[in-house]
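What's in target.cif: mmCIF, C-alpha atoms
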```
data_query
loop_
_atom_site.label_atom_id
_atom_site.label_comp_id
_atom_site.auth_asym_id
_atom_site.auth_seq_id
_atom_site.Cartn_x
_atom_site.Cartn_y
_atom_site.Cartn_z
CA MET A 1 87.09 -3.46 -1.65
CA GLU A 2 86.74 -6.77 -3.47
CA ALA A 3 85.26 -8.41 -0.38
CA GLU A 4 82.75 -5.58 0.02
CA ARG A 5 81.74 -5.88 -3.69
CA ARG A 6 81.12 -9.61 -3.31
CA ILE A 7 79.06 -9.08 -0.17
CA GLY A 8 76.99 -6.48 -2.03
CA GLU A 9 76.40 -8.83 -4.97
CA ARG A 10 75.30 -11.63 -2.61
CA LEU A 11 72.88 -9.22 -0.86
CA ILE A 12 71.42 -8.17 -4.23
CA GLU A 13 71.08 -11.81 -5.34
CA GLU A 14 69.36 -12.70 -2.08
CA ALA A 15 66.98 -9.76 -2.42
CA GLU A 16 66.15 -10.71 -6.02
CA ARG A 17 65.55 -14.33 -4.95
CA ARG A 18 63.17 -13.29 -2.19
CA ILE A 19 61.33 -10.88 -4.46
CA GLY A 20 61.00 -13.63 -7.07
CA GLU A 21 59.65 -16.08 -4.51
CA ARG A 22 57.18 -13.49 -3.24
CA LEU A 23 55.98 -12.68 -6.74
CA PHE A 24 55.57 -16.40 -7.45
CA GLU A 25 53.48 -16.79 -4.28
CA LEU A 26 51.31 -13.81 -5.25
CA VAL A 27 50.75 -15.20 -8.77
CA GLN A 28 49.79 -18.59 -7.37
CA ARG A 29 47.46 -16.92 -4.85
CA GLN A 30 45.80 -14.89 -7.59
CA GLU A 31 45.37 -17.98 -9.76
CA LYS A 32 43.71 -19.82 -6.90
CA ILE A 33 41.39 -16.86 -6.24
CA ASP A 34 40.51 -16.61 -9.93
CA ALA A 35 39.76 -20.33 -10.04
CA ARG A 36 37.54 -20.09 -6.96
CA CYS A 37 35.71 -17.08 -8.44
CA ASP A 38 35.11 -19.00 -11.66
CA LYS A 39 33.82 -21.93 -9.64
CA MET A 40 31.46 -19.67 -7.70
CA LEU A 41 30.16 -18.04 -10.88
CA LYS A 42 29.39 -21.48 -12.28
CA ALA A 43 27.62 -22.36 -9.06
CA VAL A 44 25.61 -19.12 -9.24
CA THR A 45 24.59 -19.97 -12.80
CA ALA A 46 23.50 -23.42 -11.68
CA ILE A 47 21.44 -21.92 -8.86
CA LYS A 48 19.80 -19.50 -11.32
CA ASP A 49 18.77 -22.48 -13.42
CA ARG A 50 17.41 -24.22 -10.33
CA LEU A 51 15.42 -21.13 -9.33
CA GLN A 52 13.93 -20.80 -12.81
CA GLY A 53 12.96 -24.46 -12.87
CA SER A 54 11.69 -24.69 -9.32
CA GLY A 55 8.10 -23.89 -10.23
CA GLY A 56 7.90 -20.84 -8.00
CA ALA A 57 8.87 -17.22 -8.23
CA THR A 58 11.78 -16.47 -10.53
CA ALA A 59 12.54 -12.88 -9.53
CA MET A 60 16.14 -12.71 -8.38
CA VAL A 61 19.30 -10.62 -8.14
CA ASP A 62 21.07 -9.75 -11.38
CA VAL A 63 24.21 -11.81 -10.79
CA GLU A 64 26.05 -10.62 -13.90
CA SER A 65 25.52 -6.97 -13.01
CA SER A 66 26.57 -7.62 -9.43
CA HIS A 67 29.74 -9.35 -10.62
CA GLU A 68 30.59 -6.45 -12.93
CA SER A 69 30.35 -4.03 -10.02
CA LEU A 70 32.38 -6.32 -7.80
CA VAL A 71 35.33 -6.63 -10.15
CA GLU A 72 35.86 -2.89 -9.86
CA GLU A 73 37.34 -3.60 -6.44
CA ASP A 74 41.10 -4.15 -6.56
CA ASP A 75 41.26 -6.57 -3.66
CA PRO A 76 40.51 -10.11 -4.86
CA ILE A 77 39.53 -11.10 -1.33
CA VAL A 78 36.78 -8.45 -1.40
CA GLN A 79 35.61 -9.85 -4.74
CA LEU A 80 35.53 -13.35 -3.33
CA ARG A 81 33.59 -12.36 -0.23
CA SER A 82 31.04 -10.39 -2.26
CA LEU A 83 30.50 -13.27 -4.66
CA LYS A 84 30.08 -15.57 -1.70
CA GLN A 85 27.33 -13.28 -0.36
CA VAL A 86 25.47 -13.40 -3.68
CA LEU A 87 25.86 -17.17 -3.86
CA GLU A 88 24.56 -17.68 -0.33
CA TYR A 89 21.62 -15.35 -1.02
CA LEU A 90 20.59 -17.24 -4.16
CA ASP A 91 21.04 -20.61 -2.51
CA ASN A 92 18.94 -19.48 0.44
CA ARG A 93 16.14 -18.36 -1.91
CA THR A 94 16.05 -21.77 -3.54
CA LEU A 95 16.12 -23.50 -0.16
CA SER A 96 13.35 -21.27 1.19
CA HIS A 97 11.05 -22.13 -1.72
CA LYS A 98 11.75 -25.86 -1.54
CA ASN A 99 11.28 -25.92 2.23
CA THR A 100 7.92 -24.18 1.89
CA VAL A 101 6.78 -26.63 -0.80
CA ASN A 102 7.81 -29.60 1.35
CA PHE A 103 6.15 -28.12 4.42
CA CYS A 104 2.86 -27.50 2.59
CA GLN A 105 2.89 -31.06 1.27
CA LYS A 106 3.35 -32.42 4.79
CA VAL A 107 0.45 -30.31 6.04
CA LEU A 108 -1.84 -31.50 3.25
CA SER A 109 -0.82 -35.10 3.91
CA LYS A 110 -2.34 -34.81 7.38
CA LYS A 111 -5.68 -33.59 6.06
CA SER A 112 -8.57 -35.69 4.78
CA VAL A 113 -8.24 -34.39 1.24
CA GLU A 114 -6.95 -35.67 -2.07
CA TRP A 115 -4.26 -33.54 -3.64
CA GLU A 116 -1.49 -33.62 -6.22
CA THR A 117 1.43 -31.37 -7.10
CA ALA A 118 2.56 -29.94 -10.43
CA LEU A 119 5.33 -27.55 -11.43
CA ARG A 120 4.27 -24.21 -12.82
CA SER A 121 6.17 -24.96 -16.04
CA GLU A 122 4.16 -28.18 -16.50
CA ILE A 123 0.71 -26.55 -16.52
CA SER A 124 -0.58 -24.72 -19.58
CA GLU A 125 -4.11 -26.09 -20.01
CA PRO A 126 -7.19 -24.98 -18.02
CA ILE A 127 -7.53 -26.56 -14.58
CA ARG A 128 -10.81 -28.39 -14.02
CA ASP A 129 -12.49 -30.81 -11.59
CA VAL A 130 -10.76 -29.57 -8.45
CA ASP A 131 -12.10 -27.70 -5.41
CA LEU A 132 -9.06 -25.53 -4.75
CA VAL A 133 -5.83 -24.47 -6.42
CA ILE A 134 -2.88 -23.68 -4.12
CA ALA A 135 -0.17 -21.64 -5.82
CA ILE A 136 3.14 -21.84 -3.91
CA GLY A 137 5.68 -19.27 -5.04
CA GLY A 138 5.11 -15.56 -5.45
CA ASP A 139 2.98 -13.12 -7.42
CA GLY A 140 4.12 -14.57 -10.76
CA THR A 141 3.09 -18.09 -9.77
CA LEU A 142 -0.27 -16.81 -8.51
CA LEU A 143 -0.92 -14.87 -11.73
CA HIS A 144 -0.07 -17.95 -13.78
CA ALA A 145 -2.57 -20.00 -11.78
CA SER A 146 -5.25 -17.32 -12.22
CA HIS A 147 -4.96 -17.68 -16.00
CA LEU A 148 -5.91 -21.36 -15.82
CA VAL A 149 -9.10 -21.27 -13.73
CA ASP A 150 -12.62 -20.01 -14.34
CA ASP A 151 -14.94 -18.42 -11.80
CA SER A 152 -15.81 -21.72 -10.09
CA ILE A 153 -12.42 -22.70 -8.62
CA PRO A 154 -10.92 -20.60 -5.81
CA VAL A 155 -7.19 -19.93 -5.58
CA LEU A 156 -4.98 -19.68 -2.50
CA GLY A 157 -1.57 -18.05 -2.87
CA VAL A 158 1.32 -19.07 -0.61
CA ASN A 159 4.36 -16.79 -0.59
CA SER A 160 7.24 -19.24 -0.39
CA ASP A 161 10.04 -16.68 -0.09
CA PRO A 162 8.93 -13.42 1.57
CA THR A 163 11.20 -10.40 1.51
CA GLN A 164 13.26 -9.98 4.68
CA PRO A 165 13.71 -6.26 5.51
CA LYS A 166 16.83 -6.85 7.61
CA GLU A 167 18.46 -8.71 4.74
CA VAL A 168 17.60 -5.93 2.28
CA ALA A 169 19.17 -3.37 4.60
CA GLU A 170 22.25 -5.52 5.17
CA PHE A 171 23.07 -5.89 1.47
CA ILE A 172 21.87 -2.47 0.30
CA GLU A 173 25.38 -1.53 -0.89
CA GLU A 174 26.02 -4.89 -2.55
CA PHE A 175 22.88 -5.90 -4.48
CA ASP A 176 19.09 -5.82 -4.38
CA ALA A 177 18.13 -8.49 -1.83
CA THR A 178 14.37 -8.03 -2.28
CA ARG A 179 12.60 -11.37 -2.44
CA SER A 180 8.92 -12.00 -3.20
CA THR A 181 6.29 -9.34 -2.53
CA GLY A 182 3.36 -11.75 -2.59
CA TYR A 183 0.76 -8.99 -2.36
CA LEU A 184 -2.14 -11.29 -3.24
CA CYS A 185 -0.81 -14.29 -1.30
CA ALA A 186 -2.94 -14.96 1.78
CA SER A 187 -0.43 -17.30 3.37
CA THR A 188 3.19 -18.08 4.08
CA ALA A 189 4.66 -21.25 5.58
CA SER A 190 4.15 -19.80 9.06
CA ASN A 191 0.33 -19.74 8.84
CA PHE A 192 -0.38 -22.18 6.01
CA GLU A 193 -1.96 -24.91 8.15
CA GLU A 194 -4.17 -22.40 9.95
CA VAL A 195 -5.39 -20.96 6.64
CA VAL A 196 -6.02 -24.41 5.18
CA ASP A 197 -8.01 -25.44 8.27
CA ASP A 198 -10.11 -22.28 7.99
CA ILE A 199 -10.86 -23.11 4.35
CA LEU A 200 -11.71 -26.76 5.03
CA GLU A 201 -13.97 -25.82 7.95
CA ASN A 202 -15.68 -23.06 5.89
CA ARG A 203 -14.63 -20.40 8.39
CA VAL A 204 -13.46 -18.17 5.53
CA GLN A 205 -14.84 -17.55 2.06
CA PRO A 206 -12.97 -16.54 -1.09
CA SER A 207 -13.26 -12.99 -2.35
CA GLU A 208 -14.21 -12.17 -5.91
CA LEU A 209 -11.74 -10.11 -7.93
CA SER A 210 -12.44 -8.46 -11.25
CA ARG A 211 -10.51 -9.59 -14.30
CA MET A 212 -10.08 -8.03 -17.72
CA ALA A 213 -11.35 -9.46 -20.99
CA VAL A 214 -9.43 -8.58 -24.17
CA ALA A 215 -10.32 -9.14 -27.81
CA ILE A 216 -8.05 -8.53 -30.80
CA ASN A 217 -9.96 -7.87 -34.04
CA SER A 218 -13.14 -8.99 -32.26
CA LYS A 219 -11.56 -12.36 -31.34
CA PRO A 220 -11.25 -12.88 -27.55
CA ILE A 221 -7.83 -13.94 -26.29
CA PRO A 222 -7.98 -17.02 -24.03
CA THR A 223 -6.38 -15.36 -20.99
CA TYR A 224 -8.14 -13.03 -18.57
CA ALA A 225 -5.86 -10.44 -16.98
CA LEU A 226 -5.91 -10.27 -13.20
CA ASN A 227 -3.37 -7.44 -12.87
CA ASP A 228 -2.91 -5.45 -16.05
CA ILE A 229 -2.43 -5.21 -19.80
CA LEU A 230 0.46 -3.40 -21.48
CA LEU A 231 0.13 -2.46 -25.15
CA ALA A 232 3.36 -1.15 -26.68
CA HIS A 233 5.85 -1.37 -29.51
CA PRO A 234 8.28 -4.25 -28.84
CA CYS A 235 11.20 -1.81 -29.05
CA PRO A 236 11.07 0.51 -26.02
CA ALA A 237 12.83 3.28 -27.96
CA THR A 238 10.14 3.32 -30.69
CA VAL A 239 7.05 5.52 -30.46
CA SER A 240 3.76 3.67 -30.02
CA ARG A 241 0.99 5.17 -32.16
CA PHE A 242 -2.61 4.38 -31.38
CA SER A 243 -6.05 5.91 -30.92
CA PHE A 244 -8.68 4.98 -28.36
CA ARG A 245 -12.15 5.84 -27.15
CA ILE A 246 -14.52 4.70 -24.41
CA LYS A 247 -17.91 3.23 -25.32
CA LYS A 248 -20.99 3.07 -23.12
CA ASP A 249 -24.17 1.39 -24.33
CA GLY A 250 -22.80 1.62 -27.85
CA GLU A 251 -22.24 5.38 -27.61
CA PRO A 252 -18.57 6.30 -28.21
CA SER A 253 -16.62 9.10 -26.59
CA PRO A 254 -14.45 11.40 -28.76
CA LEU A 255 -11.50 9.59 -30.35
CA LEU A 256 -8.18 10.30 -28.62
CA HIS A 257 -4.90 10.01 -30.56
CA SER A 258 -1.66 9.06 -28.82
CA ARG A 259 2.04 9.01 -29.60
CA SER A 260 3.76 7.63 -26.53
CA SER A 261 5.57 4.65 -25.00
CA GLY A 262 2.37 2.62 -24.94
CA LEU A 263 -0.78 2.11 -22.92
CA ARG A 264 -1.26 0.34 -19.58
CA VAL A 265 -4.69 -0.75 -18.34
CA SER A 266 -5.13 -2.28 -14.87
CA THR A 267 -7.78 -3.86 -12.71
CA GLY A 268 -8.38 -2.90 -9.10
CA ALA A 269 -6.16 -5.77 -7.96
CA GLY A 270 -3.38 -4.68 -10.33
CA SER A 271 -3.52 -0.98 -9.50
CA THR A 272 -0.97 -1.37 -6.69
CA ALA A 273 1.64 -2.82 -9.05
CA ALA A 274 3.04 -1.25 -12.24
CA MET A 275 0.12 1.18 -12.54
CA HIS A 276 0.88 2.72 -9.16
CA SER A 277 4.63 2.81 -9.91
CA ALA A 278 3.91 4.68 -13.15
CA GLY A 279 1.92 7.38 -11.37
CA GLY A 280 -1.58 5.88 -11.38
CA PHE A 281 -4.00 5.65 -8.49
CA THR A 282 -4.38 2.78 -6.07
CA MET A 283 -7.93 1.46 -6.47
CA PRO A 284 -10.01 -0.64 -4.08
CA ILE A 285 -9.09 -4.25 -4.75
CA PHE A 286 -12.74 -5.16 -5.28
CA SER A 287 -13.36 -2.38 -7.81
CA ARG A 288 -15.07 -3.36 -11.07
CA GLU A 289 -13.51 -0.41 -12.88
CA LEU A 290 -10.43 -0.44 -15.08
CA GLN A 291 -7.78 2.27 -14.94
CA TYR A 292 -5.79 3.34 -18.00
CA LEU A 293 -2.61 5.37 -18.28
CA VAL A 294 -0.81 6.47 -21.43
CA ARG A 295 2.91 5.92 -20.84
CA GLU A 296 5.17 8.94 -21.45
CA PRO A 297 2.88 10.78 -23.87
CA ILE A 298 4.63 13.11 -26.30
CA ALA A 299 1.88 15.68 -25.76
CA ALA A 300 2.52 15.83 -22.02
CA GLY A 301 0.09 17.58 -19.72
CA SER A 302 -3.12 16.32 -21.29
CA ASN A 303 -5.74 15.23 -18.75
CA LEU A 304 -7.04 12.69 -21.27
CA THR A 305 -4.07 10.34 -20.92
CA HIS A 306 -5.24 8.94 -17.59
CA GLY A 307 -8.73 7.78 -16.70
CA PHE A 308 -11.12 4.99 -15.84
CA VAL A 309 -13.35 2.56 -17.69
CA GLN A 310 -16.56 1.78 -15.82
CA SER A 311 -17.90 -1.76 -15.48
CA ASN A 312 -20.55 -1.04 -18.14
CA GLU A 313 -18.06 0.48 -20.58
CA THR A 314 -15.48 -0.82 -23.03
CA MET A 315 -12.20 0.64 -24.26
CA ASP A 316 -11.66 0.41 -28.02
CA ILE A 317 -8.12 0.89 -29.35
CA SER A 318 -6.82 1.14 -32.92
CA TRP A 319 -3.14 0.31 -33.43
CA PHE A 320 -1.13 2.34 -35.97
CA CYS A 321 2.37 0.87 -35.79
CA ARG A 322 3.73 -1.83 -38.07
CA GLU A 323 4.15 -4.11 -35.05
CA GLY A 324 3.21 -4.21 -31.40
CA LYS A 325 2.86 -6.47 -28.37
CA LEU A 326 0.00 -6.90 -25.94
CA TYR A 327 1.34 -8.25 -22.63
CA VAL A 328 -0.97 -9.94 -20.13
CA ASP A 329 0.07 -9.78 -16.46
CA GLY A 330 3.78 -9.41 -17.21
CA SER A 331 6.03 -10.64 -19.99
CA ASN A 332 5.26 -14.37 -20.10
CA VAL A 333 1.89 -14.13 -21.87
CA PHE A 334 1.73 -11.84 -24.90
CA HIS A 335 0.03 -11.44 -28.28
CA SER A 336 1.29 -9.68 -31.40
CA VAL A 337 -0.65 -6.85 -33.02
CA GLU A 338 -0.15 -5.21 -36.41
CA LEU A 339 -0.97 -1.99 -38.22
CA GLY A 340 -4.75 -1.56 -38.37
CA ASP A 341 -5.60 -4.06 -35.63
CA THR A 342 -8.31 -3.21 -33.12
CA ILE A 343 -8.22 -4.12 -29.42
CA GLU A 344 -11.19 -4.12 -27.07
CA MET A 345 -10.84 -4.21 -23.28
CA SER A 346 -13.47 -4.42 -20.56
CA SER A 347 -14.06 -5.85 -17.10
CA ARG A 348 -16.69 -8.23 -18.48
CA ALA A 349 -14.65 -11.31 -17.68
CA PRO A 350 -15.44 -14.10 -15.23
CA GLN A 351 -14.39 -12.97 -11.78
CA LEU A 352 -11.66 -14.82 -9.93
CA LYS A 353 -12.35 -16.40 -6.56
CA MET A 354 -9.31 -15.87 -4.35
CA TYR A 355 -8.57 -16.20 -0.67
CA LEU A 356 -7.10 -12.93 0.55
CA SER A 357 -5.34 -12.04 3.78
CA PRO A 358 -7.47 -10.38 6.50
CA GLU A 359 -5.21 -7.31 6.23
CA ILE A 360 -6.06 -6.75 2.56
CA ILE A 361 -9.76 -7.35 3.17
CA SER A 362 -9.89 -4.90 6.08
CA ARG A 363 -8.06 -2.22 4.08
CA ASN A 364 -10.57 -2.50 1.25
CA LYS A 365 -13.83 -2.48 3.19
#
```
Can the structure in the file be given as structure tokens, please?
Amino acid sequence: MEAERRIGERLIEEAERRIGERLFELVQRQEKIDARCDKMLKAVTAIKDRLQGSGGATAMVDVESSHESLVEEDDPIVQLRSLKQVLEYLDNRTLSHKNTVNFCQKVLSKKSVEWETALRSEISEPIRDVDLVIAIGGDGTLLHASHLVDDSIPVLGVNSDPTQPKEVAEFIEEFDATRSTGYLCASTASNFEEVVDDILENRVQPSELSRMAVAINSKPIPTYALNDILLAHPCPATVSRFSFRIKKDGEPSPLLHSRSSGLRVSTGAGSTAAMHSAGGFTMPIFSRELQYLVREPIAAGSNLTHGFVQSNETMDISWFCREGKLYVDGSNVFHSVELGDTIEMSSRAPQLKMYLSPEIISRNK
């Protein structure tokens, strides 16, 4: 009996030793995985900074949100693989943009033209004394360039990082892998030299797109909107109160009062963007009209919350909130408005000369 008891104790001790060793291995493995995840997150943050400072499009996957959804998985290996996918995606976006910039520079170096490069973040003053502006990036970069030129300098947009449908489908359950839409970009790296040659040989001519002029308290703002204007309270949960009317030849329409989430006004070029997403109509890109849409009106069902401003008309708005923001072509350019301020919008702005893709031109004939 004593011998059997000792054998049993030795078996228990051996089992406890093996369990302890296994637990120690698992702890070490988990620590290594955690360290690698931390390292990857730091690398993702660094890549985000590189993307934002690269001078091109800055639209990207929400890494923090993706990470939060990933940590719900119990298997650390799954977490690691998912983070690796996000990291590779972001790194590839940066590489795609830089490769396109380098490629375009090499193409221009072969041409008999003088040119110079500048980062988007470095340019804030009007561009003058050039024959062409080439905006390499996405829609945001192109819109930024449009704010800096008058009606004498044409703009060519180059989409440096086009969306890849197969990639979007592959990662549909992981994160949003949409890249740059580049709707107004006439070129990508694949056809850049061909487009440049057509421009230099005068085989193509720039199109003229309508822009929007805005004045606050009768003082014009310095930026013409190519896409759209959003007027709203800075807090999205706060009601925007304003009144507006349309004027033609000095004759005003009846005053319309609104309590809503704000007011969006778009050009023809901008009608395919946020306006269309909000329920507006897609307009011909060469239209001289403006389209307006009251966002989420409290008095829903009114047919007066959506309409058009003709090229010979103006839209006059009175603002009745303590504070408000007027956003021009997105969130980067904005102006503050206060209680009692008046805003005037019209299409009486210098048109923008822009080279468009043959597909867009043919669809808008």
* Please write as a PyMOL selection string the full residue list that the PyMOL selection byres ((chain A and resi 244) around 6) yields on this file. => chain A and resi 243+245+255-256+316-317
Preceding selection exported with C-alpha atoms as a PDB file, in the frame of the given file:
```pdb
ATOM      1  CA  SER A 243      -6.050   5.910 -30.920  1.00  0.00           C
ATOM      2  CA  ARG A 245     -12.150   5.840 -27.150  1.00  0.00           C
ATOM      3  CA  LEU A 255     -11.500   9.590 -30.350  1.00  0.00           C
ATOM      4  CA  LEU A 256      -8.180  10.300 -28.620  1.00  0.00           C
ATOM      5  CA  ASP A 316     -11.660   0.410 -28.020  1.00  0.00           C
ATOM      6  CA  ILE A 317      -8.120   0.890 -29.350  1.00  0.00           C
TER       7      ILE A 317
END
```
* Selection under test: the PyMOL selection byres ((chain A and resi 198-205) around 12); residues as a PyMOL selection string -> chain A and resi 108+111-113+131-134+154-156+186-187+191-197+206-208+353-358+361
* How many Å separate CA of Ala213 in chain A from CA of Ala349 in chain A? -> 5.0 Å
* To do: Kindly resolve the PyMOL selection byres ((chain A and resi 228) around 8) on the present coordinates and return the residues as a PyMOL selection string.
  => chain A and resi 212+225-227+229-230+264-267+270-271+328-330
* Asked: Do you know which residues lie at most 12 Å from (3.9, -21.9, -6.7), with coordinates as in the file and all atoms listed in the file counted, and could you write them as a ChimeraX atom specification?
  -> /A:51-58,97-98,100-102,104,117-123,133-146,155-161,180,182,185,187-188
Keeping only C-alpha atoms, write those residues as an mmCIF file, in the coordinates of the input.
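Writing done, so here's out15.cif:
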```cif
data_model
loop_
_atom_site.group_PDB
_atom_site.id
_atom_site.type_symbol
_atom_site.label_atom_id
_atom_site.label_comp_id
_atom_site.auth_asym_id
_atom_site.auth_seq_id
_atom_site.Cartn_x
_atom_site.Cartn_y
_atom_site.Cartn_z
ATOM 1 C CA LEU A 51 15.420 -21.130 -9.330
ATOM 2 C CA GLN A 52 13.930 -20.800 -12.810
ATOM 3 C CA GLY A 53 12.960 -24.460 -12.870
ATOM 4 C CA SER A 54 11.690 -24.690 -9.320
ATOM 5 C CA GLY A 55 8.100 -23.890 -10.230
ATOM 6 C CA GLY A 56 7.900 -20.840 -8.000
ATOM 7 C CA ALA A 57 8.870 -17.220 -8.230
ATOM 8 C CA THR A 58 11.780 -16.470 -10.530
ATOM 9 C CA HIS A 97 11.050 -22.130 -1.720
ATOM 10 C CA LYS A 98 11.750 -25.860 -1.540
ATOM 11 C CA THR A 100 7.920 -24.180 1.890
ATOM 12 C CA VAL A 101 6.780 -26.630 -0.800
ATOM 13 C CA ASN A 102 7.810 -29.600 1.350
ATOM 14 C CA CYS A 104 2.860 -27.500 2.590
ATOM 15 C CA THR A 117 1.430 -31.370 -7.100
ATOM 16 C CA ALA A 118 2.560 -29.940 -10.430
ATOM 17 C CA LEU A 119 5.330 -27.550 -11.430
ATOM 18 C CA ARG A 120 4.270 -24.210 -12.820
ATOM 19 C CA SER A 121 6.170 -24.960 -16.040
ATOM 20 C CA GLU A 122 4.160 -28.180 -16.500
ATOM 21 C CA ILE A 123 0.710 -26.550 -16.520
ATOM 22 C CA VAL A 133 -5.830 -24.470 -6.420
ATOM 23 C CA ILE A 134 -2.880 -23.680 -4.120
ATOM 24 C CA ALA A 135 -0.170 -21.640 -5.820
ATOM 25 C CA ILE A 136 3.140 -21.840 -3.910
ATOM 26 C CA GLY A 137 5.680 -19.270 -5.040
ATOM 27 C CA GLY A 138 5.110 -15.560 -5.450
ATOM 28 C CA ASP A 139 2.980 -13.120 -7.420
ATOM 29 C CA GLY A 140 4.120 -14.570 -10.760
ATOM 30 C CA THR A 141 3.090 -18.090 -9.770
ATOM 31 C CA LEU A 142 -0.270 -16.810 -8.510
ATOM 32 C CA LEU A 143 -0.920 -14.870 -11.730
ATOM 33 C CA HIS A 144 -0.070 -17.950 -13.780
ATOM 34 C CA ALA A 145 -2.570 -20.000 -11.780
ATOM 35 C CA SER A 146 -5.250 -17.320 -12.220
ATOM 36 C CA VAL A 155 -7.190 -19.930 -5.580
ATOM 37 C CA LEU A 156 -4.980 -19.680 -2.500
ATOM 38 C CA GLY A 157 -1.570 -18.050 -2.870
ATOM 39 C CA VAL A 158 1.320 -19.070 -0.610
ATOM 40 C CA ASN A 159 4.360 -16.790 -0.590
ATOM 41 C CA SER A 160 7.240 -19.240 -0.390
ATOM 42 C CA ASP A 161 10.040 -16.680 -0.090
ATOM 43 C CA SER A 180 8.920 -12.000 -3.200
ATOM 44 C CA GLY A 182 3.360 -11.750 -2.590
ATOM 45 C CA CYS A 185 -0.810 -14.290 -1.300
ATOM 46 C CA SER A 187 -0.430 -17.300 3.370
ATOM 47 C CA THR A 188 3.190 -18.080 4.080
#
```
Got a sec: who's within 9 Å of Ser240 in chain A, counting all atoms listed in the file, leaving out chain neighbours fewer than 6 positions off, as an mmCIF file with C-alpha atoms, in the coordinates of the input?
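This is the output file around_19.cif:
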```cif
data_model
loop_
_atom_site.group_PDB
_atom_site.id
_atom_site.type_symbol
_atom_site.label_atom_id
_atom_site.label_comp_id
_atom_site.auth_asym_id
_atom_site.auth_seq_id
_atom_site.Cartn_x
_atom_site.Cartn_y
_atom_site.Cartn_z
ATOM 1 C CA LEU A 231 0.130 -2.460 -25.150
ATOM 2 C CA ALA A 232 3.360 -1.150 -26.680
ATOM 3 C CA HIS A 233 5.850 -1.370 -29.510
ATOM 4 C CA SER A 258 -1.660 9.060 -28.820
ATOM 5 C CA ARG A 259 2.040 9.010 -29.600
ATOM 6 C CA SER A 260 3.760 7.630 -26.530
ATOM 7 C CA SER A 261 5.570 4.650 -25.000
ATOM 8 C CA GLY A 262 2.370 2.620 -24.940
ATOM 9 C CA LEU A 263 -0.780 2.110 -22.920
ATOM 10 C CA TRP A 319 -3.140 0.310 -33.430
ATOM 11 C CA PHE A 320 -1.130 2.340 -35.970
ATOM 12 C CA CYS A 321 2.370 0.870 -35.790
ATOM 13 C CA GLY A 324 3.210 -4.210 -31.400
#
```
* **Atom-to-atom span, CA of Thr94 in chain A and CA of Asp176 in chain A, Å** =>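 These atoms are spaced 16.3 Å apart.
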* Structure fact -> Nearest to Val168 in chain A, restricted to all atoms listed in the file and choosing among A:Tyr89, A:Ala278, A:Thr238, A:Leu326, comes out as A:Tyr89
* Asked: Could you state the separation of CA of Ser210 in chain A and CA of Val294 in chain A in Å, given to one decimal place?
  ->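 Separation of CA of Ser210 in chain A and CA of Val294 in chain A: 21.5 Å.
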* Which residue, A:Pro220, A:Asp249, A:Ser347, A:Leu184, has the smallest gap to Thr272 in chain A when you use only C-alpha atoms? -> A:Leu184
* Tell me which protein, DNA and RNA residues are within 8 Å of Val149 in chain A, counting all atoms listed in the file, leaving out same-chain ones fewer than 3 positions away, and put them as a list in words. =>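 Listing them by chain and then by number gives Pro126, Ile127, Arg128, Ala145, Ser146, Ser152, Ile153 and Leu352 of chain A.
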